[in-house]
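Student: Attaching a single structure in structure tokens format; questions to follow.
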Amino acid sequence: SDPVWRKHKAYTYTANALNTRVDADGLVAFNPATFDDFESWKPTDPSPGEEWQKTSEITLYDRYSHALEATDINGHFAATKMDSKQEKVLSTVANASYNELAYSGAEDALSGSYFGGSVSKGDATHFTAPALGHASVHTGYSSLSASSGTKAFSFEATATADRKMKVSVWSNKNDGLLKFKKNGGAETPFPNIVERRTGANGWYLLTATVAVNDGDKLEAWCESGSDGTYFDDFRVHPIDAPMTAYVYNEYDELAFVLDNNNLFTEYEYDDMGRLASTYRESFKYGRKKVSSYSVHYSNEPNSNK
């Protein structure tokens with residue numbers, strides 16, 4: 001098959017000892033006798049000279065050429081997770097690699113027992129509500145329904161540094177559990193669920209952290225404490241890696257944005273697809289409207305407001 005050409009690395013020329021004179025416009029003067037050409041394509045010398053500084057590198061693509069992971073000039077990662085059809089962005093994170101983050105709101109089409117981004121539904125049942133705002137979902141139209149002791153929303157992260165991992169999920173009951181295994185060890189309840197607070201529609205946010213070492217395999221999941229528990233908006237990411245997640249409506253319009261604390265901003269649209277209202281979730285007020293928009297047309301030609 002024909003090769004696929006994609007952007008890989010970016011370099012900046014920083015000059016060398018023989019090319020240090022700066023022109024009046026602030027640029028390094030070009031001296032063809034001493035200029036060290038970029039030599040990354042020469043098989044005898046695959047590395048550029050020291051005056052070429054790597055500023056970024058895309059380290060992972062999907063089959064449709066979406067960039068999923070990249071590093072910056074300091075070697076810090078940023079990553080993106082797509083849905084199972086590789087059409088829409090589910091989540092983004094800074095300061096973490098692709099295998100250190102996960103998000104699922106159960107909105108995604110299942111491939112076997114997995115949602116996009118390698119998040120398993122576990123043994124729970126995939127629930128789809130008839131409309132937005134249903135009591136059994138936190139955002140969107142879907143969630144997972146679990147009976148007592150049933151595992152839901154499972155993901156295995158691979159740590160790239162010694163750091164703390166943060167796991168959070170929304171539940172419609174206050175008896176849900178967060179559990180983990182490190183490197184295939186024993187199942188362990190998180191010892192420090194630091195939040196169990198109510199948000200929109202009386203849902204409870206469970207959040208916990210656990211320390212990992214470079215190279216550790218951390219499997220994390222939520223588990224129901226009673227029959228008829230619903231879970232939604234499950235996330236795993238390093239605590240020092242800000243994460244944002246996205247939920248879409250049936251028209252592929254952005255309906256919810258979940259911030260680093262797993263609290264949503266909701267967007268409502270009118271029948272013509274124009275933004276009509278914005279809501280914000282908080283622990284104090286639940287779901288509260290923060291802005292509304294309307295379009296008024298005048299009789300003057302080429303005028304509307």
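Residue numbers start at 1 in each chain; chains themselves are named A, B, ... in the order of the structure tokens; ligands are numbered from 1 in the order shown.
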With a cut-off of 10 Å, could you pull out the residues of range 99-172 of chain A touching range 199-205 of chain A and give me the nearest pair of atoms for each, distance in Å to one decimal, using only C-alpha atoms, ordered by chain and ascending number, as a Markdown table?
Tutor:
```
| residue | atom | partner | partner_atom | distance |
| --- | --- | --- | --- | --- |
| A:Gly133 | CA | A:Asn201 | CA | 8.6 |
| A:His134 | CA | A:Asn201 | CA | 9.1 |
| A:Ala135 | CA | A:Asn201 | CA | 6.9 |
| A:Ser136 | CA | A:Trp203 | CA | 9.2 |
| A:Val137 | CA | A:Trp203 | CA | 8.9 |
| A:His138 | CA | A:Trp203 | CA | 7.0 |
| A:Thr139 | CA | A:Ala200 | CA | 9.5 |
| A:Ser168 | CA | A:Leu205 | CA | 7.0 |
| A:Val169 | CA | A:Leu205 | CA | 5.9 |
| A:Trp170 | CA | A:Leu205 | CA | 4.5 |
| A:Ser171 | CA | A:Tyr204 | CA | 5.1 |
| A:Asn172 | CA | A:Trp203 | CA | 4.6 |
```
Student: Check the DSSP output for the backbone and give back, as a VMD selection string, the residues of range 94-251 of chain A in strand (DSSP E).
Tutor: chain A and resid 94 102 to 104 114 to 115 119 to 120 125 to 128 142 to 146 151 to 158 163 to 171 177 to 182 188 to 189 193 to 198 204 to 212 217 to 223 229 to 238 243 to 248
Student: Tell me which protein, DNA and RNA residues are within 9 Å of Asp240 in chain A, counting only C-alpha atoms, leaving out same-chain ones fewer than 5 positions away, and put them as a VMD selection string.
Tutor: chain A and resid 94 to 96 163 to 166
Student: Using all heavy atoms, can you export the residues from the last selection as a PDB file, in the first residue's frame?
Tutor:
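Final output, saved to result_22.pdb:
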```pdb
ATOM      1  N   ALA A  94      -3.605  17.501  29.580  1.00  0.00           N
ATOM      2  CA  ALA A  94      -2.253  18.039  29.509  1.00  0.00           C
ATOM      3  C   ALA A  94      -1.413  17.360  30.585  1.00  0.00           C
ATOM      4  O   ALA A  94      -1.917  17.012  31.653  1.00  0.00           O
ATOM      5  CB  ALA A  94      -2.262  19.550  29.721  1.00  0.00           C
ATOM      6  N   ASN A  95      -0.126  17.160  30.280  1.00  0.00           N
ATOM      7  CA  ASN A  95       0.816  16.582  31.237  1.00  0.00           C
ATOM      8  C   ASN A  95       0.518  15.120  31.550  1.00  0.00           C
ATOM      9  O   ASN A  95       0.735  14.652  32.660  1.00  0.00           O
ATOM     10  CB  ASN A  95       0.850  17.391  32.538  1.00  0.00           C
ATOM     11  CG  ASN A  95       2.065  17.075  33.392  1.00  0.00           C
ATOM     12  OD1 ASN A  95       3.142  16.782  32.868  1.00  0.00           O
ATOM     13  ND2 ASN A  95       1.904  17.109  34.697  1.00  0.00           N
ATOM     14  N   ALA A  96       0.012  14.375  30.568  1.00  0.00           N
ATOM     15  CA  ALA A  96      -0.216  12.944  30.737  1.00  0.00           C
ATOM     16  C   ALA A  96      -0.162  12.272  29.377  1.00  0.00           C
ATOM     17  O   ALA A  96      -0.478  12.887  28.353  1.00  0.00           O
ATOM     18  CB  ALA A  96      -1.548  12.664  31.415  1.00  0.00           C
ATOM     19  N   ARG A 163       3.702   9.354  40.532  1.00  0.00           N
ATOM     20  CA  ARG A 163       2.713  10.411  40.691  1.00  0.00           C
ATOM     21  C   ARG A 163       1.443   9.846  41.317  1.00  0.00           C
ATOM     22  O   ARG A 163       1.353   8.641  41.579  1.00  0.00           O
ATOM     23  CB  ARG A 163       2.389  11.051  39.331  1.00  0.00           C
ATOM     24  CG  ARG A 163       1.804  10.084  38.323  1.00  0.00           C
ATOM     25  CD  ARG A 163       1.985  10.521  36.879  1.00  0.00           C
ATOM     26  NE  ARG A 163       1.658  11.917  36.637  1.00  0.00           N
ATOM     27  CZ  ARG A 163       1.676  12.473  35.418  1.00  0.00           C
ATOM     28  NH1 ARG A 163       2.033  11.748  34.361  1.00  0.00           N
ATOM     29  NH2 ARG A 163       1.378  13.739  35.248  1.00  0.00           N
ATOM     30  N   LYS A 164       0.457  10.703  41.544  1.00  0.00           N
ATOM     31  CA  LYS A 164      -0.836  10.255  42.039  1.00  0.00           C
ATOM     32  C   LYS A 164      -1.839  10.215  40.894  1.00  0.00           C
ATOM     33  O   LYS A 164      -1.878  11.119  40.061  1.00  0.00           O
ATOM     34  CB  LYS A 164      -1.353  11.177  43.149  1.00  0.00           C
ATOM     35  CG  LYS A 164      -0.710  10.974  44.500  1.00  0.00           C
ATOM     36  CD  LYS A 164      -1.415  11.799  45.563  1.00  0.00           C
ATOM     37  CE  LYS A 164      -0.830  11.521  46.946  1.00  0.00           C
ATOM     38  NZ  LYS A 164      -1.533  12.299  48.003  1.00  0.00           N
ATOM     39  N   MET A 165      -2.649   9.149  40.867  1.00  0.00           N
ATOM     40  CA  MET A 165      -3.716   9.035  39.885  1.00  0.00           C
ATOM     41  C   MET A 165      -5.042   9.377  40.556  1.00  0.00           C
ATOM     42  O   MET A 165      -5.291   9.018  41.713  1.00  0.00           O
ATOM     43  CB  MET A 165      -3.774   7.620  39.323  1.00  0.00           C
ATOM     44  CG  MET A 165      -2.511   7.187  38.600  1.00  0.00           C
ATOM     45  SD  MET A 165      -2.187   8.134  37.087  1.00  0.00           S
ATOM     46  CE  MET A 165      -3.489   7.504  36.032  1.00  0.00           C
ATOM     47  N   LYS A 166      -5.880  10.091  39.819  1.00  0.00           N
ATOM     48  CA  LYS A 166      -7.192  10.510  40.309  1.00  0.00           C
ATOM     49  C   LYS A 166      -8.273   9.737  39.557  1.00  0.00           C
ATOM     50  O   LYS A 166      -8.235   9.636  38.328  1.00  0.00           O
ATOM     51  CB  LYS A 166      -7.363  12.011  40.087  1.00  0.00           C
ATOM     52  CG  LYS A 166      -8.703  12.589  40.537  1.00  0.00           C
ATOM     53  CD  LYS A 166      -8.723  14.092  40.266  1.00  0.00           C
ATOM     54  CE  LYS A 166     -10.049  14.723  40.653  1.00  0.00           C
ATOM     55  NZ  LYS A 166     -10.046  16.183  40.383  1.00  0.00           N
TER      56      LYS A 166
END
```
Student: If you count only C-alpha atoms, which residues fall within 10 Å of range 66-72 of chain A, apart from same-chain ones fewer than 2 positions away, as a ChimeraX atom specification?
Tutor: /A:6-10,54-64,74-82,86-87,89,92-99
Student: Which of these residues is nearest to Glu100 in chain A, using only C-alpha atoms: A:Arg197, A:Ala220, A:Tyr13, A:Phe38?
Tutor: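 Closest candidate: A:Ala220.
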Student: Which residue, A:Gly49, A:Pro32, A:Gly140, A:Pro3, has the smallest gap to Val257 in chain A when you use only C-alpha atoms?
Tutor: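 The shortest atom-to-atom distance to Val257 in chain A comes from A:Gly140.
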Student: Which residues are near Lys217 in chain A? Cut-off 6 Å, only C-alpha atoms, ignore same chain within fewer than 3 positions. Put them as a ChimeraX atom specification.
Tutor: /A:157-158,182-183
Student: Smallest atom-to-atom distance to Phe180 in chain A: which of A:Phe153, A:Asp271, A:Ala146, A:Trp221, using only C-alpha atoms?
Tutor: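 Ranking A:Phe153, A:Asp271, A:Ala146, A:Trp221 by distance to Phe180 in chain A, first place goes to A:Trp221.
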Student: List the spatial neighbours of Pro189 in chain A as an mmCIF file with N, CA, C and O atoms, in the first residue's frame - criterion: any atom at most 10 Å away, only C-alpha atoms, same-chain residues fewer than 2 positions off excluded.
Tutor:
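Contents of selection.cif, freshly written:
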```
data_model
loop_
_atom_site.group_PDB
_atom_site.id
_atom_site.type_symbol
_atom_site.label_atom_id
_atom_site.label_comp_id
_atom_site.auth_asym_id
_atom_site.auth_seq_id
_atom_site.Cartn_x
_atom_site.Cartn_y
_atom_site.Cartn_z
ATOM 1 N N LEU A 177 -18.846 2.426 45.286
ATOM 2 C CA LEU A 177 -17.463 2.227 45.699
ATOM 3 C C LEU A 177 -16.526 2.460 44.533
ATOM 4 O O LEU A 177 -16.893 2.261 43.369
ATOM 5 N N LEU A 178 -15.308 2.878 44.839
ATOM 6 C CA LEU A 178 -14.215 2.925 43.876
ATOM 7 C C LEU A 178 -13.165 1.921 44.325
ATOM 8 O O LEU A 178 -12.758 1.924 45.491
ATOM 9 N N LYS A 179 -12.728 1.057 43.400
ATOM 10 C CA LYS A 179 -11.743 0.033 43.728
ATOM 11 C C LYS A 179 -10.609 0.052 42.714
ATOM 12 O O LYS A 179 -10.754 0.589 41.613
ATOM 13 N N PHE A 180 -9.477 -0.567 43.071
ATOM 14 C CA PHE A 180 -8.347 -0.621 42.162
ATOM 15 C C PHE A 180 -7.503 -1.865 42.424
ATOM 16 O O PHE A 180 -7.598 -2.509 43.480
ATOM 17 N N LYS A 181 -6.670 -2.190 41.429
ATOM 18 C CA LYS A 181 -5.613 -3.192 41.552
ATOM 19 C C LYS A 181 -4.353 -2.587 40.953
ATOM 20 O O LYS A 181 -4.416 -1.933 39.918
ATOM 21 N N ALA A 186 -4.125 -7.602 44.560
ATOM 22 C CA ALA A 186 -5.448 -7.816 45.134
ATOM 23 C C ALA A 186 -6.366 -6.621 44.879
ATOM 24 O O ALA A 186 -5.916 -5.478 44.773
ATOM 25 N N GLU A 187 -7.669 -6.905 44.767
ATOM 26 C CA GLU A 187 -8.652 -5.843 44.671
ATOM 27 C C GLU A 187 -8.680 -5.065 45.979
ATOM 28 O O GLU A 187 -8.750 -5.645 47.058
ATOM 29 N N PRO A 191 -8.732 3.868 49.752
ATOM 30 C CA PRO A 191 -8.792 4.208 51.186
ATOM 31 C C PRO A 191 -9.178 5.651 51.440
ATOM 32 O O PRO A 191 -9.472 6.024 52.574
ATOM 33 N N ASN A 192 -9.182 6.465 50.378
ATOM 34 C CA ASN A 192 -9.377 7.904 50.608
ATOM 35 C C ASN A 192 -10.307 8.495 49.562
ATOM 36 O O ASN A 192 -9.872 9.215 48.672
ATOM 37 N N ILE A 193 -11.590 8.143 49.633
ATOM 38 C CA ILE A 193 -12.561 8.822 48.772
ATOM 39 C C ILE A 193 -12.721 10.231 49.324
ATOM 40 O O ILE A 193 -13.385 10.450 50.344
ATOM 41 N N ALA A 208 -11.325 9.837 44.253
ATOM 42 C CA ALA A 208 -10.279 9.275 45.107
ATOM 43 C C ALA A 208 -8.949 9.333 44.374
ATOM 44 O O ALA A 208 -8.896 9.495 43.144
ATOM 45 N N ALA A 220 -8.611 0.505 37.583
ATOM 46 C CA ALA A 220 -9.552 1.195 38.471
ATOM 47 C C ALA A 220 -10.966 1.012 37.935
ATOM 48 O O ALA A 220 -11.178 0.973 36.716
ATOM 49 N N TRP A 221 -11.935 0.903 38.854
ATOM 50 C CA TRP A 221 -13.321 0.734 38.453
ATOM 51 C C TRP A 221 -14.239 1.194 39.576
ATOM 52 O O TRP A 221 -13.798 1.456 40.691
ATOM 53 N N CYS A 222 -15.526 1.299 39.270
ATOM 54 C CA CYS A 222 -16.520 1.586 40.298
ATOM 55 C C CYS A 222 -17.386 0.352 40.501
ATOM 56 O O CYS A 222 -17.498 -0.503 39.618
ATOM 57 N N GLU A 223 -17.995 0.260 41.671
ATOM 58 C CA GLU A 223 -18.762 -0.924 42.033
ATOM 59 C C GLU A 223 -19.991 -0.491 42.811
ATOM 60 O O GLU A 223 -19.918 0.397 43.666
#
```
Student: Mind giving me the straight-line distance from CA of Asp175 in chain A to CA of Ser226 in chain A in Å, one decimal?
Tutor: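 Between CA of Asp175 in chain A and CA of Ser226 in chain A the gap is 7.2 Å.
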Student: Determine the nearest neighbour of Gly117 in chain A from the options A:Pro130, A:Gly286, A:Pro48, A:Gly105, counting only C-alpha atoms.
Tutor: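 Once distances to Gly117 in chain A are computed over only C-alpha atoms, the minimum belongs to A:Gly105.
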Student: Please report the interatomic distance between CA of Asp227 in chain A and CA of Ser120 in chain A in Å with one decimal.
Tutor: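 Result for CA of Asp227 in chain A versus CA of Ser120 in chain A: 19.8 Å, one decimal.
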Student: What does the distance between CA of Lys151 in chain A and CA of Gly228 in chain A come to in Å, to one decimal place?
Tutor: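 Separation between CA of Lys151 in chain A and CA of Gly228 in chain A: 12.9 Å.
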Student: Taking only range 56-296 of chain A into account, list the residues labelled helix (DSSP H, G or I) by DSSP (computed from the backbone), as a PDB file with C-alpha atoms, in the first residue's frame.
Tutor:
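Output file selection-v7.pdb is given in full below:
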```
ATOM      1  CA  TYR A  98      -2.389   8.458  26.132  1.00  0.00           C
ATOM      2  CA  ASN A  99      -2.351   5.384  28.396  1.00  0.00           C
ATOM      3  CA  GLU A 100      -2.712   7.438  31.592  1.00  0.00           C
ATOM      4  CA  ALA A 200     -27.093  18.221  39.569  1.00  0.00           C
ATOM      5  CA  ASN A 201     -30.312  16.203  40.124  1.00  0.00           C
ATOM      6  CA  GLY A 202     -29.011  14.801  43.414  1.00  0.00           C
TER       7      GLY A 202
END
```
Student: Counting only C-alpha atoms, figure out which residue out of A:Asp233, A:Asp162, A:Glu268, A:Asp108 gets nearest to Glu253 in chain A.
Tutor: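 Result for the nearest residue to Glu253 in chain A: A:Glu268.
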